[in-house]
file entry_38.txt (compact mmCIF, C-alpha atoms and all ligand atoms)
# COMPACT_ATOMS: atom_id res chain seq x y z
CA MET A 16 -41.79 -55.74 -24.97
CA PRO A 17 -39.87 -52.80 -23.46
CA ARG A 18 -41.17 -50.95 -20.44
CA SER A 19 -41.30 -47.15 -20.18
CA LYS A 20 -38.99 -45.45 -17.74
CA ILE A 21 -38.93 -41.89 -16.52
CA ALA A 22 -35.67 -40.79 -18.09
CA GLY A 23 -35.85 -37.17 -16.96
CA ILE A 24 -38.04 -35.10 -14.67
CA GLY A 25 -38.41 -31.36 -14.12
CA MET A 26 -40.60 -28.87 -12.32
CA TYR A 27 -41.36 -25.19 -12.26
CA VAL A 28 -43.27 -23.05 -9.78
CA PRO A 29 -43.76 -19.29 -10.14
CA GLU A 30 -41.81 -17.00 -7.82
CA ASN A 31 -44.85 -15.31 -6.32
CA VAL A 32 -45.64 -16.98 -2.95
CA VAL A 33 -49.20 -16.30 -1.73
CA THR A 34 -49.80 -17.15 1.92
CA ASN A 35 -53.17 -17.87 3.48
CA ASN A 36 -53.02 -14.49 5.17
CA ASP A 37 -52.53 -12.82 1.77
CA LEU A 38 -55.96 -14.15 0.75
CA LEU A 39 -57.66 -12.27 3.60
CA LYS A 40 -57.45 -9.15 1.40
CA TYR A 41 -60.03 -10.66 -0.96
CA MET A 42 -62.32 -12.91 1.07
CA ASP A 43 -63.58 -13.89 4.47
CA THR A 44 -61.33 -16.80 5.40
CA SER A 45 -58.53 -17.54 7.86
CA ASP A 46 -55.14 -19.15 7.97
CA GLU A 47 -56.48 -21.43 10.69
CA TRP A 48 -59.46 -22.65 8.59
CA ILE A 49 -57.33 -23.30 5.52
CA GLN A 50 -54.58 -25.15 7.40
CA GLU A 51 -56.98 -27.18 9.49
CA ARG A 52 -59.20 -28.29 6.58
CA THR A 53 -56.57 -28.64 3.83
CA GLY A 54 -53.04 -28.49 5.27
CA ILE A 55 -52.19 -25.66 2.86
CA LYS A 56 -49.95 -22.83 4.11
CA ALA A 57 -49.10 -21.15 0.81
CA ARG A 58 -49.39 -21.51 -2.94
CA ARG A 59 -47.69 -19.91 -5.95
CA TYR A 60 -49.41 -17.62 -8.44
CA ALA A 61 -48.05 -17.12 -11.93
CA ASP A 62 -47.26 -13.67 -13.25
CA ARG A 63 -50.60 -12.44 -14.58
CA THR A 64 -49.39 -11.49 -18.02
CA GLY A 65 -45.88 -12.90 -18.26
CA GLU A 66 -46.65 -16.55 -17.58
CA THR A 67 -49.16 -19.02 -18.97
CA THR A 68 -49.91 -22.68 -18.45
CA THR A 69 -47.80 -23.41 -21.52
CA THR A 70 -44.81 -21.25 -20.57
CA MET A 71 -44.66 -22.86 -17.13
CA GLY A 72 -44.97 -26.31 -18.73
CA ILE A 73 -42.10 -25.47 -21.07
CA LYS A 74 -39.86 -24.51 -18.14
CA ALA A 75 -40.49 -27.85 -16.45
CA ALA A 76 -40.14 -29.69 -19.76
CA THR A 77 -36.81 -28.06 -20.57
CA ILE A 78 -35.35 -29.39 -17.31
CA ALA A 79 -36.83 -32.86 -17.88
CA ILE A 80 -35.40 -32.98 -21.42
CA GLU A 81 -31.96 -31.92 -20.23
CA ARG A 82 -31.99 -34.46 -17.40
CA ALA A 83 -32.95 -37.17 -19.89
CA GLY A 84 -29.76 -36.29 -21.78
CA ILE A 85 -31.58 -35.42 -25.00
CA THR A 86 -32.58 -32.26 -26.90
CA PRO A 87 -36.06 -31.04 -27.87
CA GLN A 88 -35.36 -32.33 -31.39
CA ASP A 89 -35.29 -35.89 -30.02
CA ILE A 90 -38.84 -35.68 -28.64
CA ASP A 91 -41.19 -37.69 -30.84
CA PHE A 92 -44.53 -37.11 -29.09
CA ILE A 93 -45.99 -34.54 -26.66
CA ILE A 94 -48.77 -35.17 -24.14
CA PHE A 95 -50.03 -32.14 -22.20
CA ALA A 96 -52.42 -32.48 -19.26
CA THR A 97 -54.23 -29.39 -17.97
CA LEU A 98 -57.64 -27.97 -17.10
CA SER A 99 -56.45 -24.38 -17.48
CA PRO A 100 -55.21 -24.20 -21.08
CA ASP A 101 -53.92 -21.03 -22.70
CA TYR A 102 -56.76 -21.27 -25.22
CA TYR A 103 -60.11 -23.07 -25.10
CA PHE A 104 -58.68 -24.57 -28.28
CA PRO A 105 -56.14 -25.48 -29.60
CA GLY A 106 -54.51 -27.29 -26.70
CA CYS A 107 -51.18 -26.49 -25.06
CA GLY A 108 -49.30 -29.38 -26.71
CA VAL A 109 -48.96 -27.60 -30.03
CA LEU A 110 -47.79 -24.44 -28.25
CA VAL A 111 -45.00 -26.47 -26.66
CA GLN A 112 -44.10 -27.95 -30.05
CA ARG A 113 -43.89 -24.44 -31.50
CA ALA A 114 -41.97 -22.85 -28.63
CA LEU A 115 -39.37 -25.61 -28.37
CA LYS A 116 -39.02 -25.67 -32.18
CA ILE A 117 -39.63 -29.42 -32.19
CA LYS A 118 -40.20 -31.05 -35.57
CA GLU A 119 -43.78 -31.74 -36.77
CA ILE A 120 -44.55 -34.51 -34.27
CA GLY A 121 -47.90 -35.39 -32.71
CA ALA A 122 -49.17 -33.35 -29.75
CA LEU A 123 -52.04 -34.53 -27.60
CA ASP A 124 -53.88 -32.69 -24.85
CA VAL A 125 -55.42 -34.67 -21.98
CA ARG A 126 -58.45 -33.29 -20.13
CA ASN A 127 -58.69 -35.41 -17.03
CA GLN A 128 -58.15 -32.72 -14.41
CA CYS A 129 -56.57 -34.07 -11.22
CA SER A 130 -56.01 -37.49 -12.82
CA GLY A 131 -54.67 -35.89 -15.99
CA PHE A 132 -51.01 -36.60 -15.39
CA VAL A 133 -51.52 -40.29 -14.58
CA TYR A 134 -53.79 -40.65 -17.61
CA ALA A 135 -51.14 -38.91 -19.72
CA ILE A 136 -48.39 -41.21 -18.41
CA SER A 137 -50.58 -44.20 -19.18
CA VAL A 138 -51.13 -43.05 -22.79
CA GLY A 139 -47.40 -42.41 -23.21
CA ASP A 140 -46.61 -45.82 -21.73
CA GLN A 141 -48.71 -47.58 -24.38
CA PHE A 142 -46.89 -45.76 -27.21
CA ILE A 143 -43.50 -46.71 -25.74
CA LYS A 144 -44.50 -50.34 -25.19
CA SER A 145 -45.82 -50.64 -28.74
CA GLY A 146 -42.50 -49.32 -30.04
CA MET A 147 -44.14 -46.37 -31.78
CA TYR A 148 -42.22 -43.62 -29.93
CA LYS A 149 -38.89 -43.45 -28.07
CA ASN A 150 -38.92 -40.05 -26.32
CA ILE A 151 -42.29 -38.86 -25.11
CA LEU A 152 -42.63 -35.54 -23.32
CA VAL A 153 -45.42 -35.60 -20.72
CA ILE A 154 -46.36 -32.30 -19.08
CA GLY A 155 -48.83 -31.39 -16.34
CA SER A 156 -49.31 -27.66 -15.85
CA GLU A 157 -51.92 -25.31 -14.41
CA LYS A 158 -52.48 -21.60 -14.10
CA HIS A 159 -55.44 -21.67 -11.73
CA SER A 160 -54.92 -18.17 -10.39
CA PHE A 161 -56.38 -16.70 -13.57
CA GLY A 162 -59.78 -18.39 -13.25
CA LEU A 163 -60.83 -18.43 -9.60
CA ASP A 164 -63.54 -16.52 -7.78
CA PHE A 165 -61.54 -14.48 -5.27
CA THR A 166 -64.61 -13.32 -3.37
CA THR A 167 -66.03 -14.99 -0.26
CA ARG A 168 -68.54 -16.74 -2.55
CA GLY A 169 -65.71 -18.78 -4.12
CA ARG A 170 -63.56 -19.34 -1.03
CA ASN A 171 -64.10 -23.11 -0.73
CA ILE A 172 -62.29 -23.47 -4.07
CA SER A 173 -60.03 -20.46 -4.44
CA VAL A 174 -58.03 -21.09 -1.25
CA ILE A 175 -57.11 -24.58 -2.41
CA PHE A 176 -55.68 -24.12 -5.88
CA GLY A 177 -52.21 -23.00 -6.95
CA ASP A 178 -50.11 -22.70 -10.09
CA GLY A 179 -47.15 -24.76 -11.25
CA ALA A 180 -45.87 -27.33 -13.70
CA GLY A 181 -44.08 -30.66 -13.84
CA ALA A 182 -42.82 -32.75 -16.73
CA VAL A 183 -41.19 -36.08 -17.51
CA VAL A 184 -39.57 -37.70 -20.51
CA LEU A 185 -40.59 -41.31 -21.05
CA GLN A 186 -38.17 -43.66 -22.80
CA PRO A 187 -38.05 -47.42 -23.35
CA THR A 188 -35.95 -49.52 -20.98
CA GLU A 189 -35.00 -53.18 -21.21
CA LYS A 190 -33.72 -53.27 -17.60
CA GLU A 191 -35.43 -55.94 -15.52
CA ASN A 192 -35.87 -53.82 -12.42
CA GLN A 193 -36.99 -50.52 -13.96
CA GLY A 194 -39.95 -48.76 -15.52
CA ILE A 195 -43.74 -48.52 -15.40
CA LEU A 196 -45.19 -51.85 -14.28
CA SER A 197 -48.84 -51.01 -14.87
CA THR A 198 -51.36 -48.18 -15.02
CA HIS A 199 -55.01 -48.29 -13.94
CA LEU A 200 -57.60 -45.81 -15.22
CA HIS A 201 -61.18 -45.33 -13.98
CA SER A 202 -64.13 -43.00 -14.32
CA ASP A 203 -67.67 -42.54 -13.02
CA GLY A 204 -69.52 -39.71 -14.72
CA GLU A 205 -72.52 -39.98 -12.41
CA SER A 206 -71.26 -37.01 -10.40
CA ALA A 207 -69.61 -35.08 -13.24
CA GLU A 208 -71.23 -31.81 -12.13
CA MET A 209 -69.99 -32.05 -8.52
CA LEU A 210 -66.59 -30.66 -9.50
CA ALA A 211 -66.81 -28.80 -12.75
CA MET A 212 -66.59 -25.54 -14.60
CA TYR A 213 -69.82 -25.33 -16.58
CA ASN A 214 -69.21 -22.21 -18.60
CA PRO A 215 -68.28 -21.52 -21.30
CA GLY A 216 -69.75 -24.73 -22.65
CA THR A 217 -72.42 -26.14 -24.95
CA HIS A 218 -74.48 -27.84 -22.21
CA ALA A 219 -77.31 -25.24 -22.17
CA ASN A 220 -78.04 -26.58 -18.67
CA HIS A 221 -79.00 -29.91 -20.21
CA TRP A 222 -77.02 -32.03 -17.77
CA LEU A 223 -77.15 -29.88 -14.67
CA PRO A 224 -79.18 -31.15 -11.71
CA GLN A 225 -82.15 -28.80 -11.12
CA LYS A 226 -80.63 -27.04 -8.13
CA LEU A 227 -77.44 -26.30 -10.05
CA ALA A 228 -79.36 -25.33 -13.19
CA ASP A 229 -81.36 -22.82 -11.13
CA PHE A 230 -78.14 -21.47 -9.71
CA ASN A 231 -76.51 -21.40 -13.12
CA GLU A 232 -79.18 -19.07 -14.55
CA VAL A 233 -78.36 -20.00 -18.11
CA GLU A 234 -81.40 -20.70 -20.26
CA ALA A 235 -81.34 -23.46 -22.86
CA GLY A 236 -80.51 -21.66 -26.08
CA ASP A 237 -78.33 -19.09 -24.32
CA MET A 238 -75.08 -18.34 -25.99
CA PHE A 239 -71.92 -20.29 -25.30
CA MET A 240 -70.69 -17.30 -23.29
CA SER A 241 -73.10 -14.59 -22.22
CA HIS A 242 -72.96 -11.35 -20.25
CA ALA A 243 -75.27 -12.93 -17.66
CA MET A 244 -72.76 -15.67 -16.99
CA ILE A 245 -70.07 -13.14 -16.23
CA ASP A 246 -72.38 -10.85 -14.26
CA ASN A 247 -73.44 -13.82 -12.12
CA ALA A 248 -69.89 -15.19 -11.73
CA GLN A 249 -70.87 -18.41 -13.46
CA ASN A 250 -67.63 -18.66 -15.34
CA PHE A 251 -65.90 -20.06 -12.24
CA PRO A 252 -65.47 -23.68 -11.12
CA PHE A 253 -68.05 -25.31 -8.86
CA MET A 254 -67.18 -27.94 -6.25
CA ASP A 255 -69.26 -29.82 -3.72
CA GLY A 256 -66.21 -30.29 -1.48
CA PRO A 257 -67.64 -32.77 1.03
CA ALA A 258 -69.07 -35.00 -1.75
CA VAL A 259 -65.71 -35.06 -3.55
CA PHE A 260 -63.86 -35.72 -0.30
CA LYS A 261 -66.06 -38.73 0.55
CA LYS A 262 -65.52 -40.35 -2.84
CA ALA A 263 -61.79 -39.54 -2.90
CA ILE A 264 -61.00 -41.33 0.35
CA VAL A 265 -62.58 -44.51 -1.03
CA LYS A 266 -61.15 -44.44 -4.55
CA PHE A 267 -57.56 -43.42 -3.67
CA PRO A 268 -56.78 -46.50 -1.53
CA GLU A 269 -58.75 -48.71 -3.93
CA VAL A 270 -56.72 -47.73 -7.00
CA VAL A 271 -53.41 -48.05 -5.12
CA THR A 272 -54.40 -51.52 -3.90
CA GLU A 273 -55.41 -52.45 -7.46
CA ALA A 274 -51.97 -51.46 -8.79
CA LEU A 275 -50.18 -53.39 -6.02
CA ALA A 276 -52.31 -56.52 -6.52
CA ALA A 277 -51.75 -56.46 -10.30
CA ASN A 278 -48.01 -56.75 -9.65
CA ASN A 279 -48.00 -59.00 -6.57
CA TYR A 280 -46.88 -56.31 -4.17
CA LYS A 281 -48.15 -55.30 -0.74
CA ALA A 282 -48.56 -51.76 0.58
CA SER A 283 -45.50 -52.29 2.79
CA ASP A 284 -43.40 -52.79 -0.39
CA ILE A 285 -44.04 -49.20 -1.53
CA ASN A 286 -40.97 -46.99 -1.18
CA MET A 287 -42.83 -43.84 -2.15
CA LEU A 288 -46.51 -43.08 -2.70
CA ILE A 289 -47.11 -39.84 -4.58
CA PRO A 290 -50.76 -39.00 -4.12
CA HIS A 291 -52.35 -36.19 -6.11
CA GLN A 292 -52.15 -33.23 -3.74
CA ALA A 293 -55.88 -32.56 -3.32
CA ASN A 294 -55.99 -32.04 0.41
CA LEU A 295 -53.46 -33.06 3.08
CA ARG A 296 -56.33 -34.64 5.04
CA ILE A 297 -57.08 -36.92 2.08
CA SER A 298 -53.41 -37.96 1.78
CA GLN A 299 -53.23 -38.65 5.51
CA PHE A 300 -56.39 -40.74 5.34
CA VAL A 301 -54.99 -42.77 2.44
CA GLN A 302 -51.68 -43.25 4.28
CA GLN A 303 -53.49 -44.50 7.34
CA LYS A 304 -55.81 -46.77 5.37
CA LEU A 305 -52.84 -48.40 3.59
CA GLY A 306 -50.78 -48.57 6.79
CA LEU A 307 -47.88 -46.55 5.35
CA ARG A 308 -45.17 -44.80 7.37
CA ASP A 309 -44.56 -41.05 6.93
CA ASP A 310 -41.43 -41.71 4.87
CA GLN A 311 -43.46 -43.76 2.36
CA VAL A 312 -45.71 -40.83 1.34
CA TYR A 313 -44.67 -37.49 -0.14
CA ASN A 314 -46.75 -34.35 0.31
CA ASN A 315 -46.00 -30.79 -0.73
CA ILE A 316 -49.52 -29.35 -0.80
CA GLN A 317 -48.49 -27.30 2.25
CA ARG A 318 -46.30 -25.15 -0.03
CA TYR A 319 -48.05 -25.28 -3.39
CA GLY A 320 -51.74 -25.96 -2.77
CA ASN A 321 -53.60 -28.19 -5.20
CA THR A 322 -52.07 -27.81 -8.66
CA THR A 323 -54.35 -30.38 -10.34
CA ALA A 324 -52.53 -31.95 -13.35
CA ALA A 325 -49.21 -30.55 -12.13
CA SER A 326 -49.42 -31.87 -8.59
CA ILE A 327 -48.10 -35.40 -9.15
CA PRO A 328 -45.08 -34.45 -11.31
CA LEU A 329 -44.30 -31.58 -8.89
CA ALA A 330 -44.34 -33.91 -5.90
CA LEU A 331 -42.50 -36.68 -7.75
CA CYS A 332 -39.81 -34.26 -8.89
CA GLU A 333 -39.31 -32.75 -5.44
CA ALA A 334 -39.19 -36.17 -3.77
CA TRP A 335 -36.56 -37.27 -6.28
CA GLN A 336 -34.55 -34.04 -5.95
CA GLU A 337 -34.54 -34.50 -2.16
CA GLY A 338 -33.05 -37.98 -2.61
CA LYS A 339 -36.18 -39.69 -1.33
CA ILE A 340 -36.54 -41.83 -4.45
CA GLN A 341 -33.61 -44.05 -5.48
CA GLU A 342 -32.99 -46.34 -8.41
CA GLY A 343 -35.00 -49.55 -8.10
CA ASP A 344 -37.53 -48.03 -5.65
CA LEU A 345 -41.18 -49.02 -5.96
CA VAL A 346 -43.11 -45.79 -6.60
CA CYS A 347 -46.86 -45.47 -6.81
CA LEU A 348 -48.65 -42.49 -8.35
CA ALA A 349 -52.35 -42.12 -7.52
CA ALA A 350 -54.96 -39.52 -8.37
CA PHE A 351 -58.64 -38.73 -7.97
CA GLY A 352 -60.65 -35.75 -9.13
CA SER A 353 -63.22 -34.13 -11.37
CA GLY A 354 -65.14 -36.48 -13.63
CA TYR A 355 -64.96 -38.34 -11.38
CA THR A 356 -61.81 -39.91 -12.72
CA TRP A 357 -59.16 -41.73 -10.76
CA ALA A 358 -56.00 -43.57 -11.71
CA SER A 359 -52.75 -45.09 -10.52
CA ALA A 360 -49.38 -46.04 -11.93
CA LEU A 361 -46.89 -48.39 -10.30
CA LEU A 362 -43.28 -48.10 -11.36
CA LYS A 363 -39.76 -49.12 -10.50
CA TRP A 364 -37.60 -45.99 -10.51
O1 LIG A 401 -58.27 -32.05 -6.47
C1 LIG A 401 -59.55 -32.31 -6.93
C2 LIG A 401 -60.34 -33.02 -5.95
N1 LIG A 401 -60.74 -32.12 -4.90
C3 LIG A 401 -60.80 -32.54 -3.67
O2 LIG A 401 -60.45 -33.68 -3.44
C4 LIG A 401 -61.37 -31.63 -2.62
C5 LIG A 401 -62.13 -32.43 -1.63
N2 LIG A 401 -62.80 -31.61 -0.64
C6 LIG A 401 -62.14 -30.90 0.30
O3 LIG A 401 -60.93 -30.90 0.33
C7 LIG A 401 -62.94 -30.19 1.34
O4 LIG A 401 -64.30 -30.48 1.19
C8 LIG A 401 -62.78 -28.64 1.32
C9 LIG A 401 -61.38 -28.28 1.79
C10 LIG A 401 -63.00 -28.11 -0.08
C11 LIG A 401 -63.77 -27.97 2.25
O5 LIG A 401 -63.62 -28.47 3.54
P1 LIG A 401 -64.90 -29.02 4.35
O6 LIG A 401 -64.40 -29.38 5.67
O7 LIG A 401 -65.54 -30.08 3.52
O8 LIG A 401 -65.80 -27.73 4.46
P2 LIG A 401 -67.29 -27.47 3.93
O9 LIG A 401 -67.28 -27.24 2.46
O10 LIG A 401 -68.20 -28.51 4.48
O11 LIG A 401 -67.62 -26.09 4.64
C12 LIG A 401 -67.65 -25.97 6.07
C13 LIG A 401 -67.83 -24.52 6.43
C14 LIG A 401 -68.96 -23.84 5.68
O12 LIG A 401 -69.57 -22.91 6.58
P3 LIG A 401 -70.92 -23.29 7.36
O13 LIG A 401 -71.94 -23.57 6.29
O14 LIG A 401 -70.59 -24.48 8.18
O15 LIG A 401 -71.18 -22.06 8.15
C15 LIG A 401 -68.26 -23.07 4.60
O16 LIG A 401 -68.97 -21.92 4.18
O17 LIG A 401 -66.64 -23.80 6.10
C16 LIG A 401 -66.99 -22.65 5.30
N3 LIG A 401 -65.89 -22.40 4.37
C17 LIG A 401 -64.86 -21.59 4.69
N4 LIG A 401 -64.57 -20.86 5.78
C18 LIG A 401 -63.43 -20.15 5.78
C19 LIG A 401 -65.70 -22.89 3.13
N5 LIG A 401 -64.55 -22.41 2.62
C20 LIG A 401 -64.01 -21.61 3.57
C21 LIG A 401 -62.83 -20.85 3.62
N6 LIG A 401 -62.58 -20.12 4.75
N7 LIG A 401 -61.95 -20.80 2.61
call {"tool": "encode", "arguments": {"input": "entry_38.txt", "output": "structure tokens"}}
result
Amino acid sequence: MPRSKIAGIGMYVPENVVTNNDLLKYMDTSDEWIQERTGIKARRYADRTGETTTTMGIKAATIAIERAGITPQDIDFIIFATLSPDYYFPGCGVLVQRALKIKEIGALDVRNQCSGFVYAISVGDQFIKSGMYKNILVIGSEKHSFGLDFTTRGRNISVIFGDGAGAVVLQPTEKENQGILSTHLHSDGESAEMLAMYNPGTHANHWLPQKLADFNEVEAGDMFMSHAMIDNAQNFPFMDGPAVFKKAIVKFPEVVTEALAANNYKASDINMLIPHQANLRISQFVQQKLGLRDDQVYNNIQRYGNTTAASIPLALCEAWQEGKIQEGDLVCLAAFGSGYTWASALLKW
């Protein structure tokens, strides 16, 4: 059975750099608070009307396709991971198919938030291993800047997130020392509402814990999207940051260790760990827990903030472009986020 290799990788971040100090215009926060709690110094925001999640994804994808030495016509399946799609439906995958004038292939959208890219890679890996497809385009892209609460009320979330996109092309490889060794996917829906965007949705407050339902002010039977929701700013994401943080620092090391154990490796064998860029403090905790040196972990949250489904391909691409990942290196991707979902992938570059 062939393995899947990353045959090409690309990234795109919008030009517009937004520093922590730039956010002071909108909310009561400080550069010091943001850097101390998250490590973030700046993030990028897409052009409000000129760029979308899909257009950014296409820019990253075009580079990945070129680096794989193929053309869009060679792509035989598209997987698009995002939580900020151009439309509520259809997904972004079909928009990529249309824009790149790819033939009538399958296009799948993955909704696993921060773990979305690793989930997407895992799905692509199964199609390659089964022999069904030969050139799978996997994209992670987010335009968060369009859907955040930029008032002080939303500051615990809005200072963290940024826009950007990353993409890879997966192809089969028969080389002994190359490709995805294994992927590991997990979920625990018990705390689904701790990091979520409730509206618009069909939940009618059915699942919300009482204190959140009271806050949400949407009556059962209310419309999918109502004036009250907008008036009360309930169309923005909600996050219980400390609760997510506590779970993340347990599940990140666990899922990395699981991937290593499944392939008879130790943490010291990792050449590069690419953690989802949720918070620099989380990455540092994971590094310490696994006993990794600084050169074994790549972080770029300082420059881009948390770009959810785009964060792993962005970090992987930058690390590779900087020459920090070489052929044959053992690379581990790991993510945790809303759902909760968490996942890892271990691969030989
Ligand atoms: O990628 C998806 C997964 N997401 C994550 O993994 C995020 C995990 N969580 C976190 O990264 C952290 O919880 C945050 C960075 C979101 C928040 O940091 P924290 O240290 O957990 O802060 P907190 O939410 O406990 O808030 C502490 C204080 C509060 O004030 P009081 O009640 O102590 O007076 C907040 O109101 O900090 C205040 N605060 C802020 N102050 C200035 C919250 N956001 C801000 C802000 N600027 N942007």
call {"tool": "closest_residue", "arguments": {"input": "entry_38.txt", "among": "A:Tyr60, A:Tyr27, A:Tyr313, A:Phe267", "to": "ligand LIG 401 (chain A)", "atoms": "all atoms listed in the file"}}
result
A:Phe267
call {"tool": "atom_distance", "arguments": {"input": "entry_38.txt", "atom1": "atom CA of Lys266 of chain A", "atom2": "atom CA of Arg318 of chain A"}}
result
24.8 Å
call {"tool": "closest_residue", "arguments": {"input": "entry_38.txt", "among": "A:Leu305, A:Ala122, A:Ala325, A:Ala75", "to": "ligand LIG 401 (chain A)", "atoms": "only C-alpha atoms and all ligand atoms"}}
result
A:Ala325
call {"tool": "atom_distance", "arguments": {"input": "entry_38.txt", "atom1": "atom CA of Ser206 of chain A", "atom2": "atom CA of Tyr355 of chain A"}}
result
6.5 Å
call {"tool": "closest_atom_pairs", "arguments": {"input": "entry_38.txt", "of": "chain A", "to": "ligand LIG 401 (chain A)", "cutoff": "8 Å", "atoms": "only C-alpha atoms and all ligand atoms", "output": "tab-separated table"}}
result
residue	atom	partner	partner_atom	distance
A:Asp43	CA	A:LIG401	N6	6.3
A:Thr44	CA	A:LIG401	N6	3.6
A:Ser45	CA	A:LIG401	N6	5.7
A:Trp48	CA	A:LIG401	C18	5.5
A:Ile49	CA	A:LIG401	N7	6.0
A:Arg52	CA	A:LIG401	C9	5.3
A:Thr53	CA	A:LIG401	C9	5.2
A:Gln128	CA	A:LIG401	C1	7.6
A:Cys129	CA	A:LIG401	O1	5.4
A:Thr167	CA	A:LIG401	N7	7.7
A:Gly169	CA	A:LIG401	N5	7.7
A:Arg170	CA	A:LIG401	N7	4.2
A:Asn171	CA	A:LIG401	N5	3.5
A:Ile172	CA	A:LIG401	C10	6.2
A:Ser173	CA	A:LIG401	N7	7.3
A:Val174	CA	A:LIG401	N7	5.5
A:Ile175	CA	A:LIG401	C9	7.0
A:Leu210	CA	A:LIG401	C2	7.6
A:Met254	CA	A:LIG401	C10	7.5
A:Asp255	CA	A:LIG401	O9	7.0
A:Gly256	CA	A:LIG401	O4	3.3
A:Pro257	CA	A:LIG401	O4	4.1
A:Ala258	CA	A:LIG401	O4	7.2
A:Val259	CA	A:LIG401	C5	4.8
A:Phe260	CA	A:LIG401	C5	3.9
A:Lys261	CA	A:LIG401	C5	7.7
A:Ala263	CA	A:LIG401	O2	6.0
A:His291	CA	A:LIG401	O1	7.2
A:Gln292	CA	A:LIG401	O1	6.8
A:Ala293	CA	A:LIG401	O1	4.0
A:Asn294	CA	A:LIG401	O3	5.1
A:Arg296	CA	A:LIG401	O3	7.6
A:Ile297	CA	A:LIG401	O2	7.2
A:Asn321	CA	A:LIG401	O1	6.2
A:Thr322	CA	A:LIG401	O1	7.8
A:Thr323	CA	A:LIG401	O1	5.8
A:Phe351	CA	A:LIG401	C2	6.3
A:Gly352	CA	A:LIG401	C2	4.2
A:Ser353	CA	A:LIG401	C1	6.0
call {"tool": "write_last_selection", "arguments": {"input": "entry_38.txt", "atoms": "C-alpha atoms", "output": "short mmCIF file (atom, residue, chain, number, x, y, z; two decimals), keeping the file's coordinate frame"}}
result
data_model
loop_
_atom_site.label_atom_id
_atom_site.label_comp_id
_atom_site.auth_asym_id
_atom_site.auth_seq_id
_atom_site.Cartn_x
_atom_site.Cartn_y
_atom_site.Cartn_z
CA ASP A 43 -63.58 -13.89 4.47
CA THR A 44 -61.33 -16.80 5.40
CA SER A 45 -58.53 -17.54 7.86
CA TRP A 48 -59.46 -22.65 8.59
CA ILE A 49 -57.33 -23.30 5.52
CA ARG A 52 -59.20 -28.29 6.58
CA THR A 53 -56.57 -28.64 3.83
CA GLN A 128 -58.15 -32.72 -14.41
CA CYS A 129 -56.57 -34.07 -11.22
CA THR A 167 -66.03 -14.99 -0.26
CA GLY A 169 -65.71 -18.78 -4.12
CA ARG A 170 -63.56 -19.34 -1.03
CA ASN A 171 -64.10 -23.11 -0.73
CA ILE A 172 -62.29 -23.47 -4.07
CA SER A 173 -60.03 -20.46 -4.44
CA VAL A 174 -58.03 -21.09 -1.25
CA ILE A 175 -57.11 -24.58 -2.41
CA LEU A 210 -66.59 -30.66 -9.50
CA MET A 254 -67.18 -27.94 -6.25
CA ASP A 255 -69.26 -29.82 -3.72
CA GLY A 256 -66.21 -30.29 -1.48
CA PRO A 257 -67.64 -32.77 1.03
CA ALA A 258 -69.07 -35.00 -1.75
CA VAL A 259 -65.71 -35.06 -3.55
CA PHE A 260 -63.86 -35.72 -0.30
CA LYS A 261 -66.06 -38.73 0.55
CA ALA A 263 -61.79 -39.54 -2.90
CA HIS A 291 -52.35 -36.19 -6.11
CA GLN A 292 -52.15 -33.23 -3.74
CA ALA A 293 -55.88 -32.56 -3.32
CA ASN A 294 -55.99 -32.04 0.41
CA ARG A 296 -56.33 -34.64 5.04
CA ILE A 297 -57.08 -36.92 2.08
CA ASN A 321 -53.60 -28.19 -5.20
CA THR A 322 -52.07 -27.81 -8.66
CA THR A 323 -54.35 -30.38 -10.34
CA PHE A 351 -58.64 -38.73 -7.97
CA GLY A 352 -60.65 -35.75 -9.13
CA SER A 353 -63.22 -34.13 -11.37
#
call {"tool": "decode", "arguments": {"input": "entry_38.txt", "residues": "segment 238-252 of chain A", "atoms": "C-alpha atoms", "output": "PDB file, in the first residue's frame"}}
result
ATOM      1  CA  MET A 238     -35.828  32.227  13.651  1.00  0.00           C
ATOM      2  CA  PHE A 239     -32.528  30.876  12.404  1.00  0.00           C
ATOM      3  CA  MET A 240     -31.268  34.461  12.291  1.00  0.00           C
ATOM      4  CA  SER A 241     -33.150  37.213  14.070  1.00  0.00           C
ATOM      5  CA  HIS A 242     -32.786  40.950  14.618  1.00  0.00           C
ATOM      6  CA  ALA A 243     -32.384  40.272  18.348  1.00  0.00           C
ATOM      7  CA  MET A 244     -29.341  38.141  17.717  1.00  0.00           C
ATOM      8  CA  ILE A 245     -27.659  40.940  15.834  1.00  0.00           C
ATOM      9  CA  ASP A 246     -28.790  43.633  18.270  1.00  0.00           C
ATOM     10  CA  ASN A 247     -27.354  41.587  21.145  1.00  0.00           C
ATOM     11  CA  ALA A 248     -24.133  40.685  19.302  1.00  0.00           C
ATOM     12  CA  GLN A 249     -24.976  36.999  19.487  1.00  0.00           C
ATOM     13  CA  ASN A 250     -23.710  36.288  16.028  1.00  0.00           C
ATOM     14  CA  PHE A 251     -20.115  36.226  17.309  1.00  0.00           C
ATOM     15  CA  PRO A 252     -18.044  33.301  18.609  1.00  0.00           C
TER      16      PRO A 252
END
